[in-house]
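K.L.:
Before anything else, here's the structure in question.
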Amino acid sequence: MSVDLGELLVNHQKLADTDLQRARRVQEGTGENLDTLLLKLGLVSERDLAEALAAQLGLPLVRPADYPDAPVINGAVSPRFLKESRAIPLVDEEQGLVVAMANPTDEYVLSALRLATGKTILPQVGIPSELEVAFERLYGSGRSAMGQIVDSIGLADDLTDEEQIQHLKDLASEAPVIRLVNLMIARAVDSRASDIHIEPFENRLKVRYRVDGVLREVESPPSRLSAAVISRIKIMAKLNIAERRLPQDGRIQLRAQGKEIDLRVSTVPTLWGESVVMRILDKASMVLNFEALGFSPRTLKRFLDVLMMPHGIIVVTGPTGSGKTTTLYTALLTLNTPERKILTVEDPVEYQLEGINQIQVKPQINLTFANALRSIVRQDPDVIMIGEMRDLETAGIAVQSALTGHLVLSTLHTNDAAGGVTRLLDMGVDDYLLTSTINGILAQRLVRLLCLHCREPYPALPELVEEMRLQRFVETEDKGSGITLYKAVGCEQCGGTGYRGRAAIMEFLIMSDPLRRLVLKHADATVLQAEAQKEGMDTLYEDGLRKVVAGHTTIEEVLRVTTQQEQEG
């Protein structure tokens, strides 16, 4: 190639120099094109490769919507040549023929197209997978990349159980099934999915990606391949493929789309086979920054004041998948100084933090939360993070650690901050110990953020402003003017949803003397919540409305993740 793609990607910080040298060494042995090799090794994503090339050559990057509905030059160039060259004509203009190409610097292809059409060729950069989809639609059978892989897989019938297991092992190790599973994972990473759900039913295999907290169904392999696909994932996660009656947990570490990806794999037996969920942990995309997580300046100041206390307990509460662990990790990084020793007990350790001692719980060898905590107190830590307070034993050790001068951070599953107090009391923690040790409880939920490319402003109706008392969240000087809100529209950037990314809405209850007195009287969560609000706590609903007025999200999103009780409160 006339353009040194490797240097180009290193300069754009899409590829590490060490990875480039490794790819060059492999290239010397195989003689393959560097771009093909980088993709095959998973060192860069197709999009990164195409964007870097477009930037270097000063050419436009072709979007999926740019591909024509019908072939532009019928008969002048054979479909076979276009497929092999990874080139598709887009539009026949007066200036020349606009062509999407995976490699616009390929002089042979440019010359051949010029000769065949008698036109000036205006190349643009196309993403290979999008070129492939467009080619199949325009010139092929209309089969997708997944459909083509599926067609090449054969299954054997009438086998005994033992033979079937061996056949599945062989099948799961063959190239087509490997490519199929890799394609599913790569597409999930490209879609910014946090989870992949693979669910077998009687007549179909359903594949869904959770993107920005909402499940979205995607193209699935046929049901006949359920066992082969699930077996491949189990082999990758080092699970027992012969065991289909019990749940199993495993882990896969790989490179996809140029990123280091960690997959937490969980399988459970269902009526029609094993259901698999893969949680995608993308180390590169994890943001450990309070402002980026969604902390408002006011909540952040209150939280940091409590975080800097030398001892006590800070609890983060919320449903599963509400970003509790990310908040705790961010807090730990804030506390991580040379003067402090930090130990964590987690199940599982989601991300490895530099300079922090992290312990992975292993129940099979009796390394439980409680047993690990008993040992780490003797390790002389200043800060202890407990993945979750699941029972009285764990909560009791956390309380004892706080009483003996440690700062303890942990999580609970409750709906709001005040509910955290009643949950600990229900567990059996004594009220006087609770009031002595709890410094603050942070409740959070995740709301989807509006896509900045397509959000649409509209004036808020006066009735809505009055009903929700939105005026109190206007931070500009001129509070008399109307409030502008935004609605989700949908575009290519956000996959048509109108939302891209998520942030937390939060409420932070600080344990004050009036609240301590109420806890000792065993007041219910509603009373505790009312007192905390009187002392200046913004509720989840109020924090959500503040983000709505600021143009970050929509009223519908806030109503989706908060309960009616929270909205009325």
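Order determines the names: the first chain of the structure tokens is A, the second B, and so forth; residues in each chain are numbered 1 upward, and ligands are numbered 1 upward as they are shown.
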Which of region 188-330 of chain A counts as alpha helix (DSSP H) under DSSP, as a VMD selection string please?
P.N.:
chain A and resid 188 to 190 226 to 236 290 to 293 297 to 307 324 to 330
K.L.:
Would you mind exporting the chosen residues as a compact mmCIF listing (two decimals), in the first residue's frame, restricted to N, CA, C and O atoms?
P.N.:
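again01.txt was written with the following content:
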# COMPACT_ATOMS: atom_id res chain seq x y z
N ALA A 188 -21.50 -6.74 19.08
CA ALA A 188 -21.93 -6.23 20.39
C ALA A 188 -21.01 -5.10 20.84
O ALA A 188 -21.47 -4.06 21.33
N VAL A 189 -19.70 -5.30 20.66
CA VAL A 189 -18.73 -4.27 21.06
C VAL A 189 -18.93 -3.02 20.20
O VAL A 189 -18.91 -1.89 20.71
N ASP A 190 -19.18 -3.22 18.90
CA ASP A 190 -19.40 -2.10 17.98
C ASP A 190 -20.67 -1.33 18.34
O ASP A 190 -20.75 -0.12 18.14
N SER A 226 -28.03 -23.69 18.04
CA SER A 226 -28.01 -23.29 19.46
C SER A 226 -26.90 -24.00 20.22
O SER A 226 -26.06 -23.36 20.88
N ALA A 227 -26.89 -25.33 20.15
CA ALA A 227 -25.92 -26.12 20.93
C ALA A 227 -24.49 -25.82 20.50
O ALA A 227 -23.59 -25.70 21.34
N ALA A 228 -24.26 -25.64 19.19
CA ALA A 228 -22.90 -25.38 18.69
C ALA A 228 -22.40 -24.02 19.16
O ALA A 228 -21.25 -23.89 19.61
N VAL A 229 -23.26 -22.99 19.08
CA VAL A 229 -22.87 -21.63 19.50
C VAL A 229 -22.59 -21.60 21.00
O VAL A 229 -21.57 -21.06 21.45
N ILE A 230 -23.48 -22.20 21.78
CA ILE A 230 -23.31 -22.19 23.24
C ILE A 230 -22.08 -23.02 23.64
O ILE A 230 -21.34 -22.63 24.54
N SER A 231 -21.84 -24.13 22.95
CA SER A 231 -20.64 -24.94 23.23
C SER A 231 -19.37 -24.16 22.94
O SER A 231 -18.39 -24.25 23.69
N ARG A 232 -19.38 -23.39 21.86
CA ARG A 232 -18.20 -22.57 21.52
C ARG A 232 -17.92 -21.55 22.64
O ARG A 232 -16.77 -21.38 23.05
N ILE A 233 -18.96 -20.91 23.12
CA ILE A 233 -18.79 -19.91 24.19
C ILE A 233 -18.27 -20.61 25.46
O ILE A 233 -17.39 -20.09 26.15
N LYS A 234 -18.79 -21.80 25.75
CA LYS A 234 -18.35 -22.54 26.95
C LYS A 234 -16.89 -22.96 26.84
O LYS A 234 -16.15 -22.94 27.83
N ILE A 235 -16.46 -23.35 25.64
CA ILE A 235 -15.04 -23.71 25.44
C ILE A 235 -14.17 -22.47 25.66
O ILE A 235 -13.14 -22.54 26.33
N MET A 236 -14.60 -21.31 25.11
CA MET A 236 -13.83 -20.07 25.28
C MET A 236 -13.73 -19.67 26.75
O MET A 236 -12.72 -19.14 27.20
N PHE A 290 -15.85 11.52 38.57
CA PHE A 290 -17.13 11.81 39.21
C PHE A 290 -18.06 12.62 38.32
O PHE A 290 -19.26 12.33 38.24
N GLU A 291 -17.53 13.66 37.64
CA GLU A 291 -18.39 14.51 36.81
C GLU A 291 -18.97 13.70 35.65
O GLU A 291 -20.16 13.80 35.34
N ALA A 292 -18.12 12.86 35.01
CA ALA A 292 -18.58 12.05 33.88
C ALA A 292 -19.62 11.01 34.32
O ALA A 292 -20.48 10.62 33.54
N LEU A 293 -19.54 10.57 35.59
CA LEU A 293 -20.51 9.59 36.09
C LEU A 293 -21.89 10.20 36.28
O LEU A 293 -22.88 9.49 36.31
N PRO A 297 -22.43 19.24 40.85
CA PRO A 297 -21.44 19.87 41.73
C PRO A 297 -21.85 19.83 43.21
O PRO A 297 -21.02 19.60 44.08
N ARG A 298 -23.15 20.02 43.47
CA ARG A 298 -23.63 20.05 44.86
C ARG A 298 -23.52 18.68 45.52
O ARG A 298 -23.01 18.54 46.64
N THR A 299 -23.99 17.64 44.83
CA THR A 299 -23.92 16.28 45.38
C THR A 299 -22.46 15.85 45.53
O THR A 299 -22.09 15.20 46.51
N LEU A 300 -21.61 16.23 44.56
CA LEU A 300 -20.20 15.84 44.61
C LEU A 300 -19.50 16.43 45.82
O LEU A 300 -18.73 15.75 46.49
N LYS A 301 -19.79 17.70 46.11
CA LYS A 301 -19.16 18.34 47.28
C LYS A 301 -19.56 17.63 48.56
O LYS A 301 -18.73 17.31 49.41
N ARG A 302 -20.86 17.33 48.69
CA ARG A 302 -21.36 16.63 49.89
C ARG A 302 -20.71 15.25 50.00
O ARG A 302 -20.32 14.80 51.07
N PHE A 303 -20.60 14.54 48.83
CA PHE A 303 -20.04 13.19 48.83
C PHE A 303 -18.56 13.19 49.20
O PHE A 303 -18.11 12.37 50.01
N LEU A 304 -17.79 14.12 48.61
CA LEU A 304 -16.35 14.18 48.88
C LEU A 304 -16.06 14.55 50.34
O LEU A 304 -15.11 14.05 50.93
N ASP A 305 -16.90 15.42 50.92
CA ASP A 305 -16.73 15.78 52.35
C ASP A 305 -16.83 14.54 53.23
O ASP A 305 -16.06 14.36 54.17
N VAL A 306 -17.80 13.67 52.90
CA VAL A 306 -18.00 12.44 53.70
C VAL A 306 -16.90 11.43 53.37
O VAL A 306 -16.40 10.73 54.26
N LEU A 307 -16.50 11.34 52.09
CA LEU A 307 -15.48 10.38 51.66
C LEU A 307 -14.15 10.64 52.36
O LEU A 307 -13.39 9.70 52.62
N LYS A 324 -23.11 1.04 40.52
CA LYS A 324 -22.62 1.16 41.91
C LYS A 324 -21.11 0.88 41.99
O LYS A 324 -20.37 1.62 42.63
N THR A 325 -20.68 -0.21 41.33
CA THR A 325 -19.26 -0.58 41.39
C THR A 325 -18.38 0.50 40.77
O THR A 325 -17.31 0.81 41.29
N THR A 326 -18.83 1.09 39.65
CA THR A 326 -18.05 2.15 39.00
C THR A 326 -17.89 3.34 39.94
O THR A 326 -16.81 3.93 40.03
N THR A 327 -18.96 3.69 40.66
CA THR A 327 -18.88 4.80 41.62
C THR A 327 -17.88 4.47 42.73
O THR A 327 -17.07 5.31 43.13
N LEU A 328 -17.93 3.23 43.24
CA LEU A 328 -17.01 2.82 44.31
C LEU A 328 -15.56 2.84 43.81
O LEU A 328 -14.66 3.28 44.53
N TYR A 329 -15.33 2.36 42.58
CA TYR A 329 -13.97 2.36 42.02
C TYR A 329 -13.44 3.79 41.89
O TYR A 329 -12.27 4.07 42.14
N THR A 330 -14.31 4.70 41.47
CA THR A 330 -13.91 6.11 41.33
C THR A 330 -13.56 6.69 42.70
O THR A 330 -12.58 7.43 42.84
K.L.:
Pick out the closest residue to Glu556 (chain A) from this set: A:Ile178, A:Leu518, A:Ile384, A:Leu485. Count only C-alpha atoms.
P.N.:
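Residue with the minimum atom-to-atom distance to Glu556 (chain A): A:Leu485.
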K.L.:
Just want the 9 Å neighbourhood of Asp249 (chain A), counted on only C-alpha atoms, with same-chain residues fewer than 2 positions away dropped. Output as a list in words.
P.N.:
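Within the cut-off, the hits are Ala237, Leu239, Pro247, Arg251, Arg264, Val265, Ser266 and Thr267 of chain A.
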K.L.:
Take the residues that were just selected and, keeping N, CA, C and O atoms, output them as a PDB file, in the first residue's frame.
P.N.:
ATOM      1  N   ALA A 237     -14.803 -19.956  27.521  1.00  0.00           N
ATOM      2  CA  ALA A 237     -14.831 -19.580  28.941  1.00  0.00           C
ATOM      3  C   ALA A 237     -14.283 -20.679  29.847  1.00  0.00           C
ATOM      4  O   ALA A 237     -14.369 -20.585  31.071  1.00  0.00           O
ATOM      5  N   LEU A 239     -15.418 -23.712  30.379  1.00  0.00           N
ATOM      6  CA  LEU A 239     -16.480 -24.383  31.143  1.00  0.00           C
ATOM      7  C   LEU A 239     -16.624 -25.817  30.642  1.00  0.00           C
ATOM      8  O   LEU A 239     -16.120 -26.175  29.574  1.00  0.00           O
ATOM      9  N   PRO A 247     -26.003 -24.501  36.490  1.00  0.00           N
ATOM     10  CA  PRO A 247     -25.447 -23.202  36.082  1.00  0.00           C
ATOM     11  C   PRO A 247     -23.928 -23.223  36.180  1.00  0.00           C
ATOM     12  O   PRO A 247     -23.352 -23.902  37.032  1.00  0.00           O
ATOM     13  N   ARG A 251     -15.051 -16.928  32.443  1.00  0.00           N
ATOM     14  CA  ARG A 251     -14.514 -15.635  31.990  1.00  0.00           C
ATOM     15  C   ARG A 251     -13.782 -15.822  30.666  1.00  0.00           C
ATOM     16  O   ARG A 251     -13.091 -16.819  30.468  1.00  0.00           O
ATOM     17  N   ARG A 264     -17.605 -11.674  31.190  1.00  0.00           N
ATOM     18  CA  ARG A 264     -18.043 -12.545  32.287  1.00  0.00           C
ATOM     19  C   ARG A 264     -19.197 -13.388  31.768  1.00  0.00           C
ATOM     20  O   ARG A 264     -20.212 -12.846  31.332  1.00  0.00           O
ATOM     21  N   VAL A 265     -19.022 -14.705  31.795  1.00  0.00           N
ATOM     22  CA  VAL A 265     -19.998 -15.610  31.171  1.00  0.00           C
ATOM     23  C   VAL A 265     -20.795 -16.342  32.243  1.00  0.00           C
ATOM     24  O   VAL A 265     -20.227 -16.871  33.201  1.00  0.00           O
ATOM     25  N   SER A 266     -22.117 -16.340  32.070  1.00  0.00           N
ATOM     26  CA  SER A 266     -22.987 -17.075  32.991  1.00  0.00           C
ATOM     27  C   SER A 266     -23.932 -17.941  32.167  1.00  0.00           C
ATOM     28  O   SER A 266     -24.556 -17.463  31.219  1.00  0.00           O
ATOM     29  N   THR A 267     -24.005 -19.250  32.508  1.00  0.00           N
ATOM     30  CA  THR A 267     -24.959 -20.131  31.813  1.00  0.00           C
ATOM     31  C   THR A 267     -25.946 -20.690  32.836  1.00  0.00           C
ATOM     32  O   THR A 267     -25.565 -20.994  33.963  1.00  0.00           O
TER      33      THR A 267
END
K.L.:
Pick out the residues sitting within 7 Å of His197 (chain A), and hand them over as a PyMOL selection string; count only C-alpha atoms, and ignore anything fewer than 5 positions along from it in its own chain.
P.N.:
chain A and resi 207-209+276-278
K.L.:
Go through A:Ile127, A:Leu138, A:Leu53, A:Leu452 one by one, measure the shortest atom-to-atom distance of each to Thr105 (chain A) using only C-alpha atoms, and give the residue with the smallest value.
P.N.:
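Ranked by minimum distance to Thr105 (chain A), first place goes to A:Leu53.
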K.L.:
With only C-alpha atoms as the basis for distance, which of A:Val125, A:Leu90, A:Arg114, A:Gly6 is at the shortest distance from Leu57 (chain A)?
P.N.:
A:Val125
